[in-house]
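Q: What follows is protein-v7.json, made up of JSON, C-alpha atoms:
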[["chain", "number", "residue", "atom", "x", "y", "z"],
["A", 14, "MET", "CA", -24.52, -22.58, -6.75],
["A", 15, "GLY", "CA", -25.21, -25.88, -8.34],
["A", 16, "GLU", "CA", -24.87, -27.26, -11.84],
["A", 17, "GLU", "CA", -24.21, -25.05, -14.84],
["A", 18, "LYS", "CA", -27.18, -23.44, -16.56],
["A", 19, "GLN", "CA", -27.59, -21.00, -19.43],
["A", 20, "LEU", "CA", -27.28, -17.44, -18.14],
["A", 21, "THR", "CA", -29.06, -14.34, -19.36],
["A", 22, "GLU", "CA", -27.19, -11.02, -19.50],
["A", 23, "ILE", "CA", -29.16, -9.70, -16.52],
["A", 24, "GLU", "CA", -28.33, -12.80, -14.47],
["A", 25, "SER", "CA", -24.64, -12.41, -15.35],
["A", 26, "LEU", "CA", -24.60, -8.82, -14.13],
["A", 27, "ARG", "CA", -26.46, -9.82, -10.95],
["A", 28, "ILE", "CA", -23.86, -12.53, -10.19],
["A", 29, "ILE", "CA", -20.98, -10.11, -10.80],
["A", 30, "SER", "CA", -22.36, -7.37, -8.54],
["A", 31, "GLU", "CA", -23.43, -9.88, -5.85],
["A", 32, "MET", "CA", -19.98, -11.49, -5.69],
["A", 33, "ILE", "CA", -18.11, -8.16, -5.71],
["A", 34, "LEU", "CA", -20.32, -7.02, -2.81],
["A", 35, "LYS", "CA", -19.71, -10.28, -0.90],
["A", 36, "ALA", "CA", -15.94, -9.89, -1.33],
["A", 37, "LYS", "CA", -16.12, -6.24, -0.25],
["A", 38, "ASN", "CA", -18.09, -7.12, 2.90],
["A", 39, "GLU", "CA", -15.40, -9.61, 3.92],
["A", 40, "PHE", "CA", -13.03, -6.77, 4.80],
["A", 41, "TYR", "CA", -13.75, -4.36, 7.61],
["A", 42, "GLU", "CA", -11.74, -2.03, 9.78],
["A", 43, "THR", "CA", -11.69, -3.10, 13.44],
["A", 44, "GLY", "CA", -10.23, 0.26, 14.48],
["A", 45, "VAL", "CA", -7.88, -1.46, 17.00],
["A", 46, "SER", "CA", -4.73, 0.04, 15.43],
["A", 47, "ALA", "CA", -6.22, 3.54, 15.47],
["A", 48, "LEU", "CA", -7.20, 3.03, 19.15],
["A", 49, "LEU", "CA", -3.68, 1.85, 20.01],
["A", 50, "TRP", "CA", -1.83, 4.76, 18.34],
["A", 51, "GLY", "CA", -4.40, 7.33, 19.41],
["A", 52, "SER", "CA", -4.00, 6.24, 23.06],
["A", 53, "VAL", "CA", -0.19, 6.01, 23.05],
["A", 54, "VAL", "CA", 0.57, 9.28, 21.24],
["A", 55, "SER", "CA", -2.08, 11.30, 23.16],
["A", 56, "PHE", "CA", -0.74, 9.92, 26.47],
["A", 57, "CYS", "CA", 2.87, 10.80, 25.54],
["A", 58, "GLY", "CA", 1.87, 14.32, 24.47],
["A", 59, "LEU", "CA", -0.21, 14.97, 27.59],
["A", 60, "TYR", "CA", 2.48, 13.54, 29.90],
["A", 61, "SER", "CA", 5.17, 15.70, 28.26],
["A", 62, "PHE", "CA", 2.97, 18.79, 28.62],
["A", 63, "ILE", "CA", 2.27, 18.16, 32.32],
["A", 64, "ALA", "CA", 5.88, 17.08, 32.97],
["A", 65, "ASP", "CA", 7.12, 20.30, 31.42],
["A", 66, "LYS", "CA", 4.79, 22.40, 33.59],
["A", 67, "PHE", "CA", 5.48, 20.58, 36.88],
["A", 68, "LYS", "CA", 9.13, 19.65, 36.20],
["A", 69, "TRP", "CA", 8.45, 15.90, 36.25],
["A", 70, "PRO", "CA", 11.11, 13.45, 35.00],
["A", 71, "TYR", "CA", 11.17, 11.47, 31.72],
["A", 72, "ILE", "CA", 9.72, 14.32, 29.65],
["A", 73, "ASN", "CA", 11.42, 13.02, 26.47],
["A", 74, "GLU", "CA", 11.86, 9.37, 27.45],
["A", 75, "VAL", "CA", 8.09, 8.84, 27.60],
["A", 76, "TRP", "CA", 8.09, 8.99, 23.78],
["A", 77, "TYR", "CA", 9.95, 5.63, 23.73],
["A", 78, "LEU", "CA", 6.49, 4.17, 24.38],
["A", 79, "THR", "CA", 5.74, 4.80, 20.69],
["A", 80, "PHE", "CA", 8.54, 2.35, 19.81],
["A", 81, "LEU", "CA", 7.13, -0.21, 22.27],
["A", 82, "ALA", "CA", 3.70, 0.19, 20.66],
["A", 83, "ILE", "CA", 5.12, -1.27, 17.43],
["A", 84, "ILE", "CA", 5.11, -4.74, 19.13],
["A", 85, "PRO", "CA", 1.31, -4.88, 19.80],
["A", 86, "GLN", "CA", 0.78, -3.32, 16.36],
["A", 87, "ILE", "CA", 2.61, -6.25, 14.72],
["A", 88, "VAL", "CA", 0.57, -8.74, 16.84],
["A", 89, "ILE", "CA", -2.67, -6.98, 15.79],
["A", 90, "LEU", "CA", -1.69, -7.18, 12.11],
["A", 91, "ILE", "CA", -0.87, -10.91, 12.39],
["A", 92, "ILE", "CA", -4.13, -11.73, 14.24],
["A", 93, "GLU", "CA", -6.30, -9.67, 11.88],
["A", 94, "GLY", "CA", -4.53, -11.13, 8.83],
["A", 95, "SER", "CA", -5.02, -14.74, 9.97],
["A", 96, "LYS", "CA", -8.79, -14.20, 10.38],
["A", 97, "HIS", "CA", -9.31, -13.59, 6.67],
["A", 98, "LYS", "CA", -9.39, -16.34, 4.07],
["A", 99, "ALA", "CA", -8.80, -13.80, 1.31],
["A", 100, "LYS", "CA", -6.23, -11.07, 0.91],
["A", 101, "GLN", "CA", -7.25, -7.56, -0.02],
["A", 102, "HIS", "CA", -5.60, -5.49, -2.76],
["A", 103, "LEU", "CA", -3.32, -2.83, -1.35],
["A", 104, "ASP", "CA", -5.11, 0.35, -2.43],
["A", 105, "GLY", "CA", -4.24, 4.05, -2.25],
["A", 106, "VAL", "CA", -5.40, 4.30, 1.38],
["A", 107, "GLY", "CA", -3.16, 1.42, 2.48],
["A", 108, "ALA", "CA", -0.29, 2.93, 0.49],
["A", 109, "ALA", "CA", -0.79, 6.30, 2.23],
["A", 110, "TRP", "CA", -0.41, 4.63, 5.65],
["A", 111, "ILE", "CA", 2.73, 2.76, 4.52],
["A", 112, "ALA", "CA", 4.22, 6.05, 3.27],
["A", 113, "PHE", "CA", 3.22, 7.69, 6.57],
["A", 114, "ALA", "CA", 4.95, 4.94, 8.61],
["A", 115, "ILE", "CA", 8.14, 5.24, 6.50],
["A", 116, "THR", "CA", 8.05, 9.05, 6.90],
["A", 117, "MET", "CA", 7.76, 8.75, 10.70],
["A", 118, "ILE", "CA", 10.73, 6.37, 10.79],
["A", 119, "GLY", "CA", 12.61, 8.75, 8.47],
["A", 120, "MET", "CA", 11.87, 11.75, 10.73],
["A", 121, "THR", "CA", 13.21, 9.83, 13.74],
["A", 122, "MET", "CA", 16.35, 8.92, 11.78],
["A", 123, "PHE", "CA", 16.77, 12.54, 10.65],
["A", 124, "LEU", "CA", 16.55, 13.93, 14.19],
["A", 125, "ASN", "CA", 19.01, 11.36, 15.54],
["A", 126, "ILE", "CA", 21.58, 11.19, 12.73],
["A", 127, "VAL", "CA", 21.87, 14.69, 11.21],
["A", 128, "PRO", "CA", 23.12, 16.41, 14.42],
["A", 129, "HIS", "CA", 25.98, 13.87, 14.69],
["A", 130, "THR", "CA", 26.80, 14.25, 10.99],
["A", 131, "TYR", "CA", 27.07, 18.01, 11.39],
["A", 132, "ALA", "CA", 29.02, 17.71, 14.63],
["A", 133, "ASP", "CA", 31.66, 15.82, 12.63],
["A", 134, "ILE", "CA", 31.55, 18.27, 9.70],
["A", 135, "PHE", "CA", 31.92, 21.30, 12.05],
["A", 136, "LYS", "CA", 34.73, 19.58, 13.94],
["A", 137, "ALA", "CA", 36.66, 18.93, 10.72],
["A", 138, "LYS", "CA", 36.26, 22.60, 9.76],
["A", 139, "HIS", "CA", 37.19, 23.77, 13.28],
["A", 140, "LEU", "CA", 33.78, 25.42, 13.71],
["A", 141, "GLU", "CA", 31.58, 25.68, 16.79],
["A", 142, "LEU", "CA", 27.95, 26.70, 17.21],
["A", 143, "ILE", "CA", 27.48, 29.24, 19.98],
["A", 144, "LEU", "CA", 24.22, 30.36, 21.56],
["A", 145, "HIS", "CA", 24.56, 34.03, 22.51],
["A", 146, "ASN", "CA", 22.21, 35.80, 24.93],
["A", 147, "THR", "CA", 21.92, 39.41, 23.74],
["A", 148, "GLN", "CA", 20.51, 40.59, 27.08],
["A", 149, "THR", "CA", 23.02, 39.07, 29.48],
["A", 150, "GLY", "CA", 25.88, 38.90, 26.96],
["A", 151, "THR", "CA", 26.65, 35.31, 27.93],
["A", 152, "SER", "CA", 27.52, 32.67, 25.36],
["A", 153, "GLU", "CA", 27.46, 28.91, 25.54],
["A", 154, "MET", "CA", 28.49, 26.24, 23.10],
["A", 155, "ILE", "CA", 25.61, 24.12, 21.80],
["A", 156, "SER", "CA", 25.60, 20.68, 20.32],
["A", 157, "PRO", "CA", 25.46, 21.32, 16.56],
["A", 158, "PHE", "CA", 22.00, 21.01, 15.09],
["A", 159, "TYR", "CA", 22.04, 22.28, 11.58],
["A", 160, "PHE", "CA", 18.51, 22.13, 10.17],
["A", 161, "LYS", "CA", 19.23, 20.42, 6.89],
["A", 162, "ALA", "CA", 15.82, 20.83, 5.20],
["A", 163, "SER", "CA", 17.08, 19.35, 1.92],
["A", 164, "THR", "CA", 17.22, 15.91, 3.59],
["A", 165, "LEU", "CA", 13.55, 16.12, 4.52],
["A", 166, "TYR", "CA", 12.62, 16.89, 0.92],
["A", 167, "PHE", "CA", 13.46, 13.29, -0.02],
["A", 168, "LEU", "CA", 10.71, 12.05, 2.31],
["A", 169, "VAL", "CA", 8.30, 14.54, 0.75],
["A", 170, "TYR", "CA", 9.28, 13.49, -2.80],
["A", 171, "ALA", "CA", 8.84, 9.80, -2.04],
["A", 172, "PHE", "CA", 5.43, 10.17, -0.31],
["A", 173, "PRO", "CA", 3.16, 10.73, -3.35],
["A", 174, "THR", "CA", 5.43, 8.63, -5.58],
["A", 175, "LEU", "CA", 4.99, 5.54, -3.38],
["A", 176, "ILE", "CA", 1.21, 6.10, -3.05],
["A", 177, "THR", "CA", 0.83, 6.45, -6.82],
["A", 178, "GLY", "CA", 3.07, 3.44, -7.48],
["A", 179, "ILE", "CA", 1.14, 1.15, -5.12],
["A", 180, "GLY", "CA", -2.32, 2.62, -5.75],
["A", 181, "ARG", "CA", -2.01, 2.34, -9.54],
["A", 182, "CYS", "CA", 0.16, -0.82, -9.55],
["A", 183, "PHE", "CA", 2.88, 1.10, -11.42],
["A", 184, "ASN", "CA", 6.23, -0.50, -10.58],
["A", 185, "PRO", "CA", 8.55, 2.25, -11.95],
["A", 186, "MET", "CA", 7.13, 4.65, -9.36],
["A", 187, "LYS", "CA", 7.49, 2.07, -6.58],
["A", 188, "TYR", "CA", 11.17, 1.66, -7.48],
["A", 189, "GLY", "CA", 11.49, 5.45, -7.81],
["A", 190, "ALA", "CA", 10.18, 5.90, -4.26],
["A", 191, "LEU", "CA", 12.59, 3.20, -3.04],
["A", 192, "ILE", "CA", 15.57, 5.00, -4.65],
["A", 193, "CYS", "CA", 14.32, 8.27, -3.12],
["A", 194, "TYR", "CA", 14.29, 6.67, 0.36],
["A", 195, "MET", "CA", 17.85, 5.45, -0.27],
["A", 196, "CYS", "CA", 18.82, 9.04, -1.20],
["A", 197, "PHE", "CA", 17.27, 10.15, 2.11],
["A", 198, "VAL", "CA", 19.43, 7.72, 4.10],
["A", 199, "VAL", "CA", 22.60, 8.82, 2.24],
["A", 200, "SER", "CA", 21.61, 12.47, 2.76],
["A", 201, "CYS", "CA", 21.37, 11.95, 6.54],
["A", 202, "TYR", "CA", 25.10, 11.18, 6.56],
["A", 203, "SER", "CA", 26.28, 13.67, 3.92],
["A", 204, "SER", "CA", 26.82, 17.39, 3.63],
["A", 205, "HIS", "CA", 24.43, 19.91, 2.08],
["A", 206, "SER", "CA", 26.34, 20.04, -1.23],
["A", 207, "THR", "CA", 25.94, 16.27, -1.80],
["A", 208, "ASP", "CA", 22.17, 16.74, -1.51],
["A", 209, "PHE", "CA", 22.10, 18.59, -4.84],
["A", 210, "LEU", "CA", 23.36, 15.48, -6.60],
["A", 211, "LEU", "CA", 20.99, 13.26, -4.60],
["A", 212, "GLN", "CA", 18.03, 15.50, -5.46],
["A", 213, "SER", "CA", 18.84, 15.08, -9.11],
["A", 214, "ILE", "CA", 18.99, 11.27, -8.72],
["A", 215, "ALA", "CA", 15.69, 11.31, -6.79],
["A", 216, "ALA", "CA", 13.93, 13.43, -9.43],
["A", 217, "ILE", "CA", 15.17, 11.18, -12.25],
["A", 218, "SER", "CA", 14.02, 7.99, -10.49],
["A", 219, "CYS", "CA", 10.75, 9.33, -9.07],
["A", 220, "TRP", "CA", 9.42, 11.30, -12.00],
["A", 221, "LEU", "CA", 11.62, 11.46, -15.10],
["A", 222, "VAL", "CA", 11.92, 7.71, -15.77],
["A", 223, "PRO", "CA", 8.27, 6.90, -14.83],
["A", 224, "GLY", "CA", 7.18, 9.95, -16.86],
["A", 225, "LEU", "CA", 9.05, 8.71, -19.93],
["A", 226, "ILE", "CA", 7.48, 5.25, -19.56],
["A", 227, "LEU", "CA", 3.99, 6.76, -19.19],
["A", 228, "HIS", "CA", 4.49, 9.07, -22.15],
["A", 229, "ASN", "CA", 5.71, 6.17, -24.27],
["A", 230, "ARG", "CA", 2.59, 4.18, -23.34],
["A", 231, "TYR", "CA", 0.40, 7.17, -24.14],
["A", 232, "ARG", "CA", 1.98, 7.56, -27.60],
["A", 233, "LYS", "CA", 1.52, 3.83, -28.33],
["A", 234, "ALA", "CA", -2.14, 3.96, -27.23],
["A", 235, "LYS", "CA", -2.75, 7.07, -29.30],
["A", 236, "LYS", "CA", -1.16, 5.44, -32.34],
["A", 237, "ALA", "CA", -3.29, 2.30, -31.88],
["A", 238, "ASN", "CA", -6.51, 4.36, -31.74],
["A", 239, "VAL", "CA", -5.76, 6.31, -34.93],
["B", 13, "MET", "CA", -22.18, -7.03, -34.74],
["B", 14, "PHE", "CA", -22.23, -8.48, -31.23],
["B", 15, "LYS", "CA", -19.11, -9.82, -29.63],
["B", 16, "GLU", "CA", -19.63, -13.43, -28.58],
["B", 17, "LEU", "CA", -19.68, -13.84, -24.82],
["B", 18, "ASP", "CA", -16.65, -15.76, -23.56],
["B", 19, "PRO", "CA", -17.96, -19.35, -23.01],
["B", 20, "ILE", "CA", -15.45, -19.90, -20.19],
["B", 21, "LEU", "CA", -16.92, -16.99, -18.23],
["B", 22, "HIS", "CA", -20.55, -17.34, -19.34],
["B", 23, "SER", "CA", -21.30, -19.94, -16.70],
["B", 24, "GLN", "CA", -22.90, -19.31, -13.30],
["B", 25, "LEU", "CA", -20.20, -20.70, -11.03],
["B", 26, "ARG", "CA", -17.15, -19.75, -13.10],
["B", 27, "LEU", "CA", -18.43, -16.18, -13.42],
["B", 28, "ALA", "CA", -19.02, -16.04, -9.66],
["B", 29, "VAL", "CA", -15.48, -17.30, -8.98],
["B", 30, "MET", "CA", -13.96, -14.74, -11.35],
["B", 31, "SER", "CA", -16.10, -11.91, -9.87],
["B", 32, "LEU", "CA", -14.83, -12.81, -6.40],
["B", 33, "LEU", "CA", -11.20, -13.10, -7.49],
["B", 34, "ILE", "CA", -11.20, -9.79, -9.35],
["B", 35, "SER", "CA", -12.22, -8.10, -6.09],
["B", 36, "VAL", "CA", -9.40, -9.56, -3.97],
["B", 37, "LYS", "CA", -5.65, -10.08, -4.27],
["B", 38, "GLU", "CA", -6.02, -13.82, -3.65],
["B", 39, "ALA", "CA", -8.51, -16.13, -1.95],
["B", 40, "GLU", "CA", -8.53, -19.54, -0.30],
["B", 41, "PHE", "CA", -10.61, -22.31, -1.88],
["B", 42, "THR", "CA", -12.84, -22.48, 1.22],
["B", 43, "PHE", "CA", -13.55, -18.73, 0.97],
["B", 44, "ILE", "CA", -14.71, -19.13, -2.65],
["B", 45, "ARG", "CA", -16.83, -22.19, -1.72],
["B", 46, "GLU", "CA", -18.54, -20.30, 1.13],
["B", 47, "LYS", "CA", -19.27, -17.18, -0.92],
["B", 48, "THR", "CA", -20.56, -19.07, -3.96],
["B", 49, "ASN", "CA", -22.53, -21.65, -1.89],
["B", 50, "SER", "CA", -21.14, -24.41, -4.09],
["B", 51, "THR", "CA", -19.98, -27.95, -3.40],
["B", 52, "ALA", "CA", -16.27, -28.71, -3.19],
["B", 53, "GLY", "CA", -16.47, -31.18, -6.09],
["B", 54, "ASN", "CA", -18.26, -28.84, -8.51],
["B", 55, "LEU", "CA", -16.05, -25.92, -7.53],
["B", 56, "SER", "CA", -12.89, -27.99, -8.10],
["B", 57, "VAL", "CA", -13.99, -28.81, -11.64],
["B", 58, "GLN", "CA", -14.79, -25.17, -12.47],
["B", 59, "VAL", "CA", -11.58, -23.88, -10.88],
["B", 60, "GLN", "CA", -9.62, -26.38, -12.99],
["B", 61, "LYS", "CA", -11.36, -25.09, -16.17],
["B", 62, "LEU", "CA", -10.46, -21.50, -15.27],
["B", 63, "LYS", "CA", -6.90, -22.57, -14.57],
["B", 64, "ASP", "CA", -6.64, -24.43, -17.89],
["B", 65, "ALA", "CA", -7.82, -21.27, -19.67],
["B", 66, "GLY", "CA", -5.04, -19.34, -17.95],
["B", 67, "TYR", "CA", -7.55, -17.09, -16.16],
["B", 68, "ILE", "CA", -6.45, -18.00, -12.64],
["B", 69, "ASP", "CA", -3.38, -19.32, -10.83],
["B", 70, "VAL", "CA", -3.91, -22.09, -8.29],
["B", 71, "THR", "CA", -1.35, -22.67, -5.54],
["B", 72, "LYS", "CA", -1.49, -25.77, -3.36],
["B", 73, "GLN", "CA", 0.44, -25.86, -0.08],
["B", 74, "PHE", "CA", 0.14, -27.04, 3.52],
["B", 75, "LYS", "CA", -0.78, -24.92, 6.54],
["B", 76, "ASP", "CA", -0.73, -26.54, 10.01],
["B", 77, "ASN", "CA", -0.67, -29.99, 8.34],
["B", 78, "TYR", "CA", -3.84, -29.20, 6.36],
["B", 79, "PRO", "CA", -3.90, -28.69, 2.59],
["B", 80, "LEU", "CA", -4.45, -25.08, 1.59],
["B", 81, "THR", "CA", -5.49, -24.15, -1.95],
["B", 82, "THR", "CA", -5.21, -20.51, -2.94],
["B", 83, "CYS", "CA", -6.56, -18.95, -6.14],
["B", 84, "LYS", "CA", -5.46, -15.73, -7.78],
["B", 85, "ILE", "CA", -6.67, -14.04, -10.97],
["B", 86, "THR", "CA", -4.06, -13.62, -13.74],
["B", 87, "SER", "CA", -3.60, -10.65, -16.10],
["B", 88, "VAL", "CA", -5.16, -12.81, -18.86],
["B", 89, "GLY", "CA", -8.13, -13.40, -16.56],
["B", 90, "ILE", "CA", -8.50, -9.69, -15.80],
["B", 91, "ALA", "CA", -8.48, -8.85, -19.53],
["B", 92, "ALA", "CA", -11.04, -11.60, -20.26],
["B", 93, "PHE", "CA", -13.29, -10.45, -17.41],
["B", 94, "GLU", "CA", -13.15, -6.83, -18.58],
["B", 95, "ALA", "CA", -13.96, -7.88, -22.16],
["B", 96, "TYR", "CA", -16.88, -10.00, -20.87],
["B", 97, "VAL", "CA", -18.35, -7.09, -18.88],
["B", 98, "LYS", "CA", -17.94, -4.77, -21.88],
["B", 99, "ALA", "CA", -19.74, -7.27, -24.13],
["B", 100, "LEU", "CA", -22.54, -7.61, -21.54],
["B", 101, "GLN", "CA", -22.96, -3.84, -21.46],
["B", 102, "GLU", "CA", -23.26, -3.76, -25.26],
["B", 103, "TYR", "CA", -25.96, -6.45, -25.16],
["B", 104, "LEU", "CA", -27.91, -4.57, -22.48],
["B", 105, "GLN", "CA", -27.55, -1.26, -24.29],
["B", 106, "VAL", "CA", -29.08, -2.72, -27.45],
["B", 107, "GLY", "CA", -31.78, -4.41, -25.34],
["B", 108, "LYS", "CA", -32.79, -1.01, -23.93],
["B", 109, "GLN", "CA", -33.00, 0.55, -27.40],
["B", 110, "ILE", "CA", -35.29, -2.25, -28.64]]
Show how you would write the structure in this file as structure tokens.

A:
Amino acid sequence: MGEEKQLTEIESLRIISEMILKAKNEFYETGVSALLWGSVVSFCGLYSFIADKFKWPYINEVWYLTFLAIIPQIVILIIEGSKHKAKQHLDGVGAAWIAFAITMIGMTMFLNIVPHTYADIFKAKHLELILHNTQTGTSEMISPFYFKASTLYFLVYAFPTLITGIGRCFNPMKYGALICYMCFVVSCYSSHSTDFLLQSIAAISCWLVPGLILHNRYRKAKKANV
Amino acid sequence: MFKELDPILHSQLRLAVMSLLISVKEAEFTFIREKTNSTAGNLSVQVQKLKDAGYIDVTKQFKDNYPLTTCKITSVGIAAFEAYVKALQEYLQVGKQI
């Protein structure tokens, strides 16, 4: 584009649509990340299945490969990011993948922390979990795994809140999701009764406060239009 | 009564720059130059005008010992761009009726 000239309305619209299209075409999905995770997780699943059938070793350890795959994933992100001379807006789709990654990390934390938390709680109360076979009548003590579903609810609460916060550039919901993730971490280490208080905090930060802000904006907009 | 089209935006290169920047989070100067097929000198002048109007933020830094200029649209710029597009639509709507 050279020197300035007087534009017509049609020309203006043509420039706008042409430039938006050029910017849109700059960004493309290489699919490398999907290939990486698809390969790693399918391999781990298949190996575990075969190992279970044929009594092979490392049936659970093979899943550590998913942690190793984080390294090439970071390298891929850095390489792909350096290729572009422009940065894309983080949209709802990107936000959904971020929420998914946090949920996966949260699930791993849950499965590794909660059993130890409940082992301590049971020990303090002088309780033991026993697995009883009704056919043989034998009993054996099992490592305590109390399925504390209330902890998982925090991950579920935060999921749509984070996506909405990022997708609609609404900071109160981003902070709400962050507080909800903090509640999740605390809940991993606390008893079931504490979760009631945490659920209240999560609901206030995720929905009540953002809801009040949104409603206030709505009332102001309505007043301005009258 | 027609709204007057924003003179800052109603220019070929400045409108192109703003249309690019509204589509991305931020963009390097070279990216804008390539996409608009403009010269560095002309683009610098127009970018400065947009910056003076408060429509864009310009950040200058160094990357691997080379200067790197990055441009980003501001909230004032977004509002101005939206108002410009709305005014254009009104003009075209009336044009169709005539």

Q: Please compute the atom CA of A:Val75-atom CA of A:Trp50 distance, one decimal, in Å.

A: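 Atom CA of A:Trp50 lies 14.2 Å from atom CA of A:Val75.
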
Q: Write out as a count of residues only every residue belonging to chain B that has an atom at most 10 Å from any atom of chain A, counting only C-alpha atoms.

A: 45

Q: Please provide the set of residues having any atom within 8 Å of stretch 185-190 of chain A, restricted to only C-alpha atoms, with same-chain residues fewer than 2 positions apart removed, written as a list in words.

A: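 My reading of the contact set: Tyr170, Ala171, Phe172, Thr174, Leu175, Thr177, Gly178, Ile179, Phe183, Ile192, Cys193, Tyr194, Ala215, Ser218, Cys219, Trp220, Val222 and Pro223 of chain A.
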
Q: Provide the atom CA of A:Phe62 to atom CA of A:Tyr166 distance in Å, to one decimal place.

A: 29.4 Å

Q: At what distance in Å, to one decimal, does atom CA of A:Ser52 lie from atom CA of A:Tyr77?

A: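 For atom CA of A:Tyr77 relative to atom CA of A:Ser52, the distance reads 14.0 Å.
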
Q: Please identify all polymer residues within 12 Å of A:Met122, counting only C-alpha atoms, omitting same-chain residues fewer than 2 positions from it, and present them as a list of chain:residue names.

A: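 Within the cut-off, the hits are A:Ile115, A:Thr116, A:Met117, A:Ile118, A:Gly119, A:Met120, A:Leu124, A:Asn125, A:Ile126, A:Val127, A:Pro128, A:His129, A:Thr130, A:Thr164, A:Leu165, A:Leu168, A:Tyr194, A:Phe197, A:Val198, A:Val199, A:Ser200, A:Cys201, A:Tyr202.
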
Q: May I have the residues within 8 Å of stretch 203-206 of chain A as a list in words, using only C-alpha atoms and disregarding those fewer than 5 positions away in the same chain?

A: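 My list of contacting residues is Thr130, Tyr131, Ile134, Lys161 and Ser163 of chain A.
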
Q: Leaving out stretch 80-86 of chain A and any residue of its chain fewer than 2 positions from it, which residues lie within 12 Å of it when counting all atoms listed in the file, given as a ChimeraX atom specification?

A: /A:44-54,57,74-78,88-93,114,117-118,121

Q: Using all atoms listed in the file, can you tell me which of B:Glu102, B:Ala52, B:Glu46, B:Gly89 comes closest to B:Asp64?

A: B:Gly89
